[in-house]
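Visitor: Below are the structure tokens for one structure; questions will follow.
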Amino acid sequence: MKWRQIAAVVLAVGCALFAFFATDMLESYSVENPRAASFAFLCGLALGVTMQRSRFCFYCHIREWFEEHNPRGALALLLAIAIGIVGYTIVVGGWLPNPTAPSSLIHVGPASEVVIAAGFVFGLGMIISGSCVAAHWYHFAGGSLYSLTALIGVSIGFFLGFNSWNALYSYRLAEAPIVWLPAYLGYAGAMLLQLSVILLLALFLWRGFSRQSAAPAASVAPLTIRGAWRRLWEAEWSYWIGGLLVGLIAIAAIIRVNPLGATAAIASWTRSIASGWGLIPDRLDGLDTFAGCGSLPQNSWLNADSLLLLGLVGGALIASLASGKFAIEKITPKEALAALLGGVLLGWGAMTALGCTIGTLLSGTHAGALSGWLFGVSMLFAIWIGLKIKRAMSGVSATH
């Protein structure tokens, strides 16, 4: 057994012990709702392993469709959204039998041109940095200094977002409608509408399969314990497995903790530090009245958001070590600049939209928030036009 696999086993045992004793430990530190926080750690572990093993990345999957017409990753994203919509409908419908106003426990943000602009900026950040925020977290767990630099940029972007928030709130957000589809269509109507949109998108993407040559069928060897282990940790998981598991993890998280979000912890950390140093306004108008990632400052670094993120990084690190993929990657000054700039755009977009591809797009559409769909559409447009510009610039530079 190689050192990476040994380290993976040791780390996995450590995470299991922490998860087992987490509730009692968190109670001793007076953490609010320690049971929920410990469950958030488990959700993060599952999410980190799933994302690393299935290469679950919004930008990568969307880029594969735009550049290669490979729909598998994009279909996995739609699968994760569809499963979450059904699960959220059942769960939230049990909490609020009469859907007149959204619960503060689900991510339903203001639907306006601000979230559209935020999605566009976030999409540009993904093109420049090469990943979304959640993917940067699991790439960082795999030893990527590039992603670490991008995450530093994300924190800077949140800092800039906090300083621009009051102007945006006065300009539009104060009067922007909070559009929660179940309040207009009922739970069944909202679910059917969203699933119909997903079905149409899936049928459109499915055409990509017909344009690809069919791969020869691989011979299936008898499954042994060693073979099952290799399939679990060494072979990459199918896209659809990633989409399925992400959707199920999102449902588990909303039942026991909060909606999934990859920026809630970094948002609250940045806000707490910047506020302590007097680097952001003392009052952020209306921010704490909106549901989203990191809108409320945290009194303690040990909370559900932080433990979810810790679990995500820990799970991705375990998977990276077990698969032999862990390696410290070097970074050039040019790459560092791109990672930092892209991270800043990701952070500003995520702060302004009250979440990223996980918190606003995934958890938002799960909840039936129009803001989630607006964020997603504008993000897609930014990626589409950004990739066109990138190809054009590459063609120009190749002729000189």
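Chain identifiers are assigned as A, B, and so on, following the order in which chains appear in the structure tokens; residues are numbered from 1 within each chain, and ligands are numbered from 1 in order of appearance.
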Got a sec: who's within 12 Å of Phe381 of chain A, counting only C-alpha atoms, leaving out chain neighbours fewer than 5 positions off, as a ChimeraX atom specification?

Guide: /A:62-63,66,116-117,119-124,127,374-376,386-388

Visitor: Next, the residues of the selection above should be written as a PDB file, in the first residue's frame with N, CA and C atoms.

Guide:
```
ATOM      1  N   ILE A  62     -20.214  22.301 -18.100  1.00  0.00           N
ATOM      2  CA  ILE A  62     -20.812  23.210 -19.085  1.00  0.00           C
ATOM      3  C   ILE A  62     -19.844  23.464 -20.232  1.00  0.00           C
ATOM      4  N   ARG A  63     -18.561  23.624 -19.924  1.00  0.00           N
ATOM      5  CA  ARG A  63     -17.553  23.852 -20.962  1.00  0.00           C
ATOM      6  C   ARG A  63     -17.461  22.643 -21.899  1.00  0.00           C
ATOM      7  N   PHE A  66     -20.232  23.076 -24.420  1.00  0.00           N
ATOM      8  CA  PHE A  66     -20.016  24.162 -25.368  1.00  0.00           C
ATOM      9  C   PHE A  66     -18.867  23.868 -26.330  1.00  0.00           C
ATOM     10  N   ILE A 116     -28.752  38.920 -11.909  1.00  0.00           N
ATOM     11  CA  ILE A 116     -28.336  38.612 -13.276  1.00  0.00           C
ATOM     12  C   ILE A 116     -26.903  39.075 -13.508  1.00  0.00           C
ATOM     13  N   ALA A 117     -26.591  40.298 -13.060  1.00  0.00           N
ATOM     14  CA  ALA A 117     -25.224  40.806 -13.191  1.00  0.00           C
ATOM     15  C   ALA A 117     -24.247  39.963 -12.376  1.00  0.00           C
ATOM     16  N   GLY A 119     -24.546  36.783 -11.606  1.00  0.00           N
ATOM     17  CA  GLY A 119     -24.332  35.519 -12.306  1.00  0.00           C
ATOM     18  C   GLY A 119     -23.383  35.671 -13.473  1.00  0.00           C
ATOM     19  N   PHE A 120     -23.489  36.783 -14.188  1.00  0.00           N
ATOM     20  CA  PHE A 120     -22.592  37.033 -15.324  1.00  0.00           C
ATOM     21  C   PHE A 120     -21.156  37.185 -14.846  1.00  0.00           C
ATOM     22  N   VAL A 121     -20.955  37.989 -13.811  1.00  0.00           N
ATOM     23  CA  VAL A 121     -19.606  38.184 -13.266  1.00  0.00           C
ATOM     24  C   VAL A 121     -19.057  36.867 -12.732  1.00  0.00           C
ATOM     25  N   PHE A 122     -19.906  36.095 -12.072  1.00  0.00           N
ATOM     26  CA  PHE A 122     -19.477  34.795 -11.551  1.00  0.00           C
ATOM     27  C   PHE A 122     -19.049  33.879 -12.706  1.00  0.00           C
ATOM     28  N   GLY A 123     -19.808  33.892 -13.806  1.00  0.00           N
ATOM     29  CA  GLY A 123     -19.454  33.084 -14.964  1.00  0.00           C
ATOM     30  C   GLY A 123     -18.107  33.481 -15.542  1.00  0.00           C
ATOM     31  N   LEU A 124     -17.840  34.789 -15.630  1.00  0.00           N
ATOM     32  CA  LEU A 124     -16.535  35.247 -16.101  1.00  0.00           C
ATOM     33  C   LEU A 124     -15.429  34.781 -15.157  1.00  0.00           C
ATOM     34  N   ILE A 127     -14.506  31.245 -15.975  1.00  0.00           N
ATOM     35  CA  ILE A 127     -13.688  31.115 -17.178  1.00  0.00           C
ATOM     36  C   ILE A 127     -12.236  31.473 -16.875  1.00  0.00           C
ATOM     37  N   LEU A 374     -32.403  32.727 -12.622  1.00  0.00           N
ATOM     38  CA  LEU A 374     -31.810  33.914 -13.245  1.00  0.00           C
ATOM     39  C   LEU A 374     -30.283  33.877 -13.142  1.00  0.00           C
ATOM     40  N   PHE A 375     -29.787  33.499 -11.977  1.00  0.00           N
ATOM     41  CA  PHE A 375     -28.342  33.369 -11.771  1.00  0.00           C
ATOM     42  C   PHE A 375     -27.764  32.351 -12.755  1.00  0.00           C
ATOM     43  N   GLY A 376     -28.431  31.206 -12.891  1.00  0.00           N
ATOM     44  CA  GLY A 376     -27.930  30.153 -13.763  1.00  0.00           C
ATOM     45  C   GLY A 376     -27.912  30.563 -15.228  1.00  0.00           C
ATOM     46  N   GLY A 386     -17.846  34.088 -23.096  1.00  0.00           N
ATOM     47  CA  GLY A 386     -16.449  34.108 -22.674  1.00  0.00           C
ATOM     48  C   GLY A 386     -15.611  33.090 -23.421  1.00  0.00           C
ATOM     49  N   LEU A 387     -16.158  31.911 -23.646  1.00  0.00           N
ATOM     50  CA  LEU A 387     -15.421  30.888 -24.384  1.00  0.00           C
ATOM     51  C   LEU A 387     -15.236  31.300 -25.843  1.00  0.00           C
ATOM     52  N   LYS A 388     -16.234  31.975 -26.414  1.00  0.00           N
ATOM     53  CA  LYS A 388     -16.092  32.466 -27.785  1.00  0.00           C
ATOM     54  C   LYS A 388     -14.966  33.490 -27.879  1.00  0.00           C
TER      55      LYS A 388
END
```

Visitor: Report as JSON lines the residues of segment 32-108 of chain A within 7 Å of segment 310-321 of chain A, each with its shortest atom pair and distance in Å (one decimal), using only C-alpha atoms, ordered by chain and increasing residue number.

Guide:
```
{"residue": "A:Phe41", "atom": "CA", "partner": "A:Gly311", "partner_atom": "CA", "distance": 4.7}
{"residue": "A:Leu42", "atom": "CA", "partner": "A:Gly311", "partner_atom": "CA", "distance": 6.4}
{"residue": "A:Gly44", "atom": "CA", "partner": "A:Gly311", "partner_atom": "CA", "distance": 4.1}
{"residue": "A:Leu45", "atom": "CA", "partner": "A:Gly315", "partner_atom": "CA", "distance": 4.2}
{"residue": "A:Ala46", "atom": "CA", "partner": "A:Gly315", "partner_atom": "CA", "distance": 6.4}
{"residue": "A:Leu47", "atom": "CA", "partner": "A:Leu312", "partner_atom": "CA", "distance": 5.8}
{"residue": "A:Gly48", "atom": "CA", "partner": "A:Leu312", "partner_atom": "CA", "distance": 4.1}
{"residue": "A:Val49", "atom": "CA", "partner": "A:Gly315", "partner_atom": "CA", "distance": 4.7}
{"residue": "A:Gln52", "atom": "CA", "partner": "A:Ala316", "partner_atom": "CA", "distance": 5.5}
{"residue": "A:Arg53", "atom": "CA", "partner": "A:Ala319", "partner_atom": "CA", "distance": 6.7}
```

Visitor: Restricted to C-alpha atoms, what would the selected residues look like written as a JSON list (two decimals), in the first residue's frame?

Guide:
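Printed below is selection04.json as written:
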```json
[["chain", "number", "residue", "atom", "x", "y", "z"],
["A", 41, "PHE", "CA", -19.64, 17.74, 8.72],
["A", 42, "LEU", "CA", -20.92, 14.37, 7.49],
["A", 44, "GLY", "CA", -19.49, 17.83, 3.71],
["A", 45, "LEU", "CA", -17.51, 14.58, 3.79],
["A", 46, "ALA", "CA", -19.97, 12.92, 1.44],
["A", 47, "LEU", "CA", -20.00, 15.94, -0.84],
["A", 48, "GLY", "CA", -16.21, 16.17, -0.97],
["A", 49, "VAL", "CA", -15.78, 12.49, -1.85],
["A", 52, "GLN", "CA", -13.67, 14.62, -6.27],
["A", 53, "ARG", "CA", -14.44, 11.11, -7.51]]
```

Visitor: If you run DSSP on the backbone here, which positions in segment 220-335 of chain A get helix (DSSP H, G or I)? Please write them as a ChimeraX atom specification.

Guide: /A:225-233,239-256,264-276,287-289,304-322,333-335

Visitor: Those residues you just picked out, can you put them in a file as an mmCIF file, in the first residue's frame with C-alpha atoms?

Guide:
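What follows is the written file out37.cif:
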```cif
data_model
loop_
_atom_site.group_PDB
_atom_site.id
_atom_site.type_symbol
_atom_site.label_atom_id
_atom_site.label_comp_id
_atom_site.auth_asym_id
_atom_site.auth_seq_id
_atom_site.Cartn_x
_atom_site.Cartn_y
_atom_site.Cartn_z
ATOM 1 C CA ILE A 225 -13.180 -7.157 -3.254
ATOM 2 C CA ARG A 226 -9.987 -5.755 -4.691
ATOM 3 C CA GLY A 227 -11.754 -4.911 -7.944
ATOM 4 C CA ALA A 228 -14.586 -3.173 -6.104
ATOM 5 C CA TRP A 229 -12.035 -1.115 -4.138
ATOM 6 C CA ARG A 230 -10.307 -0.067 -7.328
ATOM 7 C CA ARG A 231 -13.584 0.918 -8.935
ATOM 8 C CA LEU A 232 -14.469 2.956 -5.863
ATOM 9 C CA TRP A 233 -11.206 4.838 -5.442
ATOM 10 C CA TYR A 239 -21.126 11.611 -14.216
ATOM 11 C CA TRP A 240 -24.625 10.430 -13.412
ATOM 12 C CA ILE A 241 -23.460 8.986 -10.081
ATOM 13 C CA GLY A 242 -22.108 12.401 -9.146
ATOM 14 C CA GLY A 243 -25.359 14.121 -10.074
ATOM 15 C CA LEU A 244 -27.441 11.539 -8.228
ATOM 16 C CA LEU A 245 -25.412 11.740 -5.023
ATOM 17 C CA VAL A 246 -25.151 15.546 -4.990
ATOM 18 C CA GLY A 247 -28.935 15.774 -5.275
ATOM 19 C CA LEU A 248 -29.439 13.283 -2.431
ATOM 20 C CA ILE A 249 -26.859 15.032 -0.211
ATOM 21 C CA ALA A 250 -28.677 18.323 -0.785
ATOM 22 C CA ILE A 251 -31.927 16.746 0.410
ATOM 23 C CA ALA A 252 -30.230 15.298 3.513
ATOM 24 C CA ALA A 253 -28.693 18.702 4.299
ATOM 25 C CA ILE A 254 -31.978 20.613 4.138
ATOM 26 C CA ILE A 255 -33.684 18.054 6.381
ATOM 27 C CA ARG A 256 -31.108 18.204 9.171
ATOM 28 C CA ALA A 264 -21.220 30.494 3.428
ATOM 29 C CA ALA A 265 -18.184 29.879 5.634
ATOM 30 C CA ILE A 266 -15.756 32.021 3.656
ATOM 31 C CA ALA A 267 -18.379 34.785 3.499
ATOM 32 C CA SER A 268 -18.866 34.856 7.274
ATOM 33 C CA TRP A 269 -15.116 34.628 7.922
ATOM 34 C CA THR A 270 -14.405 37.534 5.571
ATOM 35 C CA ARG A 271 -17.229 39.593 7.020
ATOM 36 C CA SER A 272 -16.161 38.981 10.619
ATOM 37 C CA ILE A 273 -12.501 39.823 9.971
ATOM 38 C CA ALA A 274 -13.197 42.862 7.778
ATOM 39 C CA SER A 275 -15.797 44.163 10.221
ATOM 40 C CA GLY A 276 -13.385 43.772 13.130
ATOM 41 C CA LEU A 287 -28.369 41.902 3.988
ATOM 42 C CA ASP A 288 -29.318 39.909 7.069
ATOM 43 C CA THR A 289 -32.975 39.847 6.047
ATOM 44 C CA ALA A 304 -22.480 24.318 10.688
ATOM 45 C CA ASP A 305 -21.181 26.284 7.682
ATOM 46 C CA SER A 306 -17.548 25.893 8.731
ATOM 47 C CA LEU A 307 -17.949 22.194 9.480
ATOM 48 C CA LEU A 308 -19.665 21.576 6.140
ATOM 49 C CA LEU A 309 -16.684 23.160 4.414
ATOM 50 C CA LEU A 310 -14.212 21.300 6.620
ATOM 51 C CA GLY A 311 -15.975 18.063 5.727
ATOM 52 C CA LEU A 312 -15.929 18.893 2.014
ATOM 53 C CA VAL A 313 -12.179 19.510 2.049
ATOM 54 C CA GLY A 314 -11.583 16.459 4.252
ATOM 55 C CA GLY A 315 -13.687 14.195 2.037
ATOM 56 C CA ALA A 316 -12.001 15.457 -1.122
ATOM 57 C CA LEU A 317 -8.572 14.966 0.485
ATOM 58 C CA ILE A 318 -9.421 11.381 1.467
ATOM 59 C CA ALA A 319 -10.631 10.632 -2.067
ATOM 60 C CA SER A 320 -7.623 12.341 -3.625
ATOM 61 C CA LEU A 321 -5.178 10.365 -1.476
ATOM 62 C CA ALA A 322 -6.996 7.047 -1.897
ATOM 63 C CA PRO A 333 3.166 34.037 -11.651
ATOM 64 C CA LYS A 334 0.921 34.308 -14.725
ATOM 65 C CA GLU A 335 -1.293 31.490 -13.485
#
```

Visitor: Hey, which of A:Asn98, A:Arg283, A:Met25, A:Glu67 ends up closest to Lys390 of chain A? Count only C-alpha atoms.

Guide: A:Glu67

Visitor: Give the answer as one residue: which of A:Phe58, A:Phe18, A:Trp206, A:Trp3 has the shortest atom-to-atom distance to Leu361 of chain A, using only C-alpha atoms?

Guide: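 For Leu361 of chain A, the nearest of the given residues is A:Phe58.
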
Visitor: Pick from A:Phe290, A:Phe162, A:Phe204, A:Phe56: nearest to Ala174 of chain A, with only C-alpha atoms counted?

Guide: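 The closest residue to Ala174 of chain A is A:Phe290.
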
Visitor: Quote the spacing between atom CA of Ala101 of chain A and atom CA of Tyr171 of chain A in Å to one decimal place.

Guide: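 So the answer is 24.1 Å.
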
Visitor: Could you pull the residues within 12 Å of Gly364 of chain A, counting only C-alpha atoms, minus those fewer than 3 positions along the same chain, as a compact mmCIF listing (two decimals) with N, CA and C atoms, in the first residue's frame?

Guide:
```
# COMPACT_ATOMS: atom_id res chain seq x y z
N ILE A 81 -30.16 18.81 -10.00
CA ILE A 81 -31.20 19.81 -9.78
C ILE A 81 -32.57 19.15 -9.67
N GLY A 84 -33.08 17.25 -6.39
CA GLY A 84 -33.26 18.20 -5.29
C GLY A 84 -34.61 18.87 -5.30
N ILE A 85 -35.13 19.18 -6.48
CA ILE A 85 -36.45 19.82 -6.58
C ILE A 85 -37.52 18.91 -5.99
N TYR A 88 -36.90 18.70 -2.11
CA TYR A 88 -37.27 19.95 -1.43
C TYR A 88 -38.79 20.12 -1.40
N PRO A 102 -41.79 32.20 1.51
CA PRO A 102 -40.71 31.22 1.71
C PRO A 102 -40.16 31.24 3.12
N LEU A 105 -35.27 29.31 6.00
CA LEU A 105 -34.35 28.19 5.96
C LEU A 105 -34.02 27.73 4.55
N ILE A 106 -34.65 28.31 3.53
CA ILE A 106 -34.34 27.95 2.15
C ILE A 106 -33.80 29.18 1.42
N HIS A 107 -33.01 28.94 0.39
CA HIS A 107 -32.33 30.01 -0.32
C HIS A 107 -33.21 30.59 -1.42
N VAL A 108 -33.96 31.61 -1.07
CA VAL A 108 -34.80 32.32 -2.03
C VAL A 108 -34.42 33.79 -1.94
N GLY A 109 -33.70 34.29 -2.96
CA GLY A 109 -33.19 35.65 -2.92
C GLY A 109 -33.99 36.58 -3.79
N PRO A 110 -33.62 37.87 -3.78
CA PRO A 110 -34.31 38.86 -4.62
C PRO A 110 -34.07 38.60 -6.09
N ALA A 111 -35.12 38.68 -6.89
CA ALA A 111 -35.03 38.45 -8.33
C ALA A 111 -34.97 39.80 -9.03
N ILE A 178 -39.13 39.12 -4.07
CA ILE A 178 -38.67 37.78 -3.69
C ILE A 178 -39.65 36.80 -4.33
N VAL A 179 -39.25 36.22 -5.45
CA VAL A 179 -40.17 35.37 -6.22
C VAL A 179 -39.92 33.91 -5.87
N TRP A 180 -40.88 33.34 -5.15
CA TRP A 180 -40.83 31.92 -4.78
C TRP A 180 -41.95 31.23 -5.54
N LEU A 181 -41.61 30.38 -6.48
CA LEU A 181 -42.58 29.80 -7.40
C LEU A 181 -43.74 29.08 -6.70
N GLN A 194 -40.71 23.37 -13.13
CA GLN A 194 -39.25 23.28 -13.13
C GLN A 194 -38.77 21.96 -13.74
N ALA A 250 -27.97 17.05 -0.97
CA ALA A 250 -28.68 18.32 -0.78
C ALA A 250 -29.98 18.12 -0.01
N ILE A 254 -30.85 19.73 3.81
CA ILE A 254 -31.98 20.61 4.14
C ILE A 254 -32.84 20.01 5.24
N PRO A 259 -29.57 24.57 3.68
CA PRO A 259 -29.28 24.29 2.28
C PRO A 259 -27.77 24.24 2.04
N LEU A 260 -27.36 23.44 1.07
CA LEU A 260 -25.94 23.36 0.74
C LEU A 260 -25.44 24.71 0.24
N GLY A 261 -24.18 25.00 0.55
CA GLY A 261 -23.53 26.22 0.07
C GLY A 261 -22.04 26.11 0.24
N ALA A 291 -32.26 35.38 2.72
CA ALA A 291 -31.77 34.01 2.91
C ALA A 291 -30.70 33.72 1.88
N GLY A 292 -29.58 33.18 2.33
CA GLY A 292 -28.50 32.88 1.40
C GLY A 292 -27.24 32.48 2.14
N CYS A 293 -26.16 32.35 1.40
CA CYS A 293 -24.90 31.90 1.97
C CYS A 293 -24.17 33.03 2.68
N ALA A 353 -24.94 37.75 -5.20
CA ALA A 353 -26.06 36.85 -5.47
C ALA A 353 -26.45 36.03 -4.25
N LEU A 354 -25.75 36.23 -3.13
CA LEU A 354 -26.01 35.49 -1.89
C LEU A 354 -25.74 34.00 -2.04
N GLY A 355 -24.77 33.66 -2.87
CA GLY A 355 -24.40 32.26 -3.03
C GLY A 355 -23.76 32.01 -4.39
N CYS A 356 -23.19 30.82 -4.55
CA CYS A 356 -22.50 30.47 -5.79
C CYS A 356 -23.32 29.44 -6.56
N THR A 357 -22.66 28.59 -7.34
CA THR A 357 -23.36 27.56 -8.10
C THR A 357 -24.02 26.53 -7.19
N ILE A 358 -23.49 26.37 -5.97
CA ILE A 358 -24.11 25.45 -5.01
C ILE A 358 -25.21 26.16 -4.23
N GLY A 359 -24.89 27.30 -3.63
CA GLY A 359 -25.83 27.98 -2.74
C GLY A 359 -26.99 28.67 -3.44
N THR A 360 -26.72 29.32 -4.59
CA THR A 360 -27.79 30.05 -5.29
C THR A 360 -28.39 29.24 -6.43
N LEU A 361 -27.55 28.67 -7.29
CA LEU A 361 -28.08 27.91 -8.42
C LEU A 361 -28.69 26.58 -7.97
N ALA A 367 -35.26 24.97 -4.19
CA ALA A 367 -36.31 25.60 -3.39
C ALA A 367 -37.41 26.23 -4.23
N GLY A 368 -37.18 26.36 -5.54
CA GLY A 368 -38.17 27.02 -6.40
C GLY A 368 -38.00 28.52 -6.44
N ALA A 369 -36.76 28.99 -6.30
CA ALA A 369 -36.48 30.43 -6.31
C ALA A 369 -36.21 30.89 -7.74
N LEU A 370 -36.89 31.92 -8.18
CA LEU A 370 -36.62 32.48 -9.50
C LEU A 370 -35.19 33.02 -9.56
N SER A 371 -34.69 33.52 -8.44
CA SER A 371 -33.33 34.05 -8.40
C SER A 371 -32.30 33.00 -8.80
N GLY A 372 -32.53 31.75 -8.41
CA GLY A 372 -31.61 30.69 -8.78
C GLY A 372 -31.56 30.47 -10.28
N TRP A 373 -32.72 30.50 -10.93
CA TRP A 373 -32.77 30.33 -12.38
C TRP A 373 -32.14 31.52 -13.10
N LEU A 374 -32.40 32.73 -12.62
CA LEU A 374 -31.81 33.91 -13.25
C LEU A 374 -30.28 33.88 -13.14
N PHE A 375 -29.79 33.50 -11.98
CA PHE A 375 -28.34 33.37 -11.77
C PHE A 375 -27.76 32.35 -12.76
N GLY A 376 -28.43 31.21 -12.89
CA GLY A 376 -27.93 30.15 -13.76
C GLY A 376 -27.91 30.56 -15.23
```

Visitor: Would you pick out the contacts of Gly130 of chain A at 9 Å or less, using only C-alpha atoms, so that residues sharing its chain but fewer than 5 positions from it are not included, and give the list as a list in words?

Guide: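 Near Gly130 of chain A, the qualifying residues are Tyr59, Cys60, Gly125, His136, Ser147, Ala339 and Gly342 of chain A.
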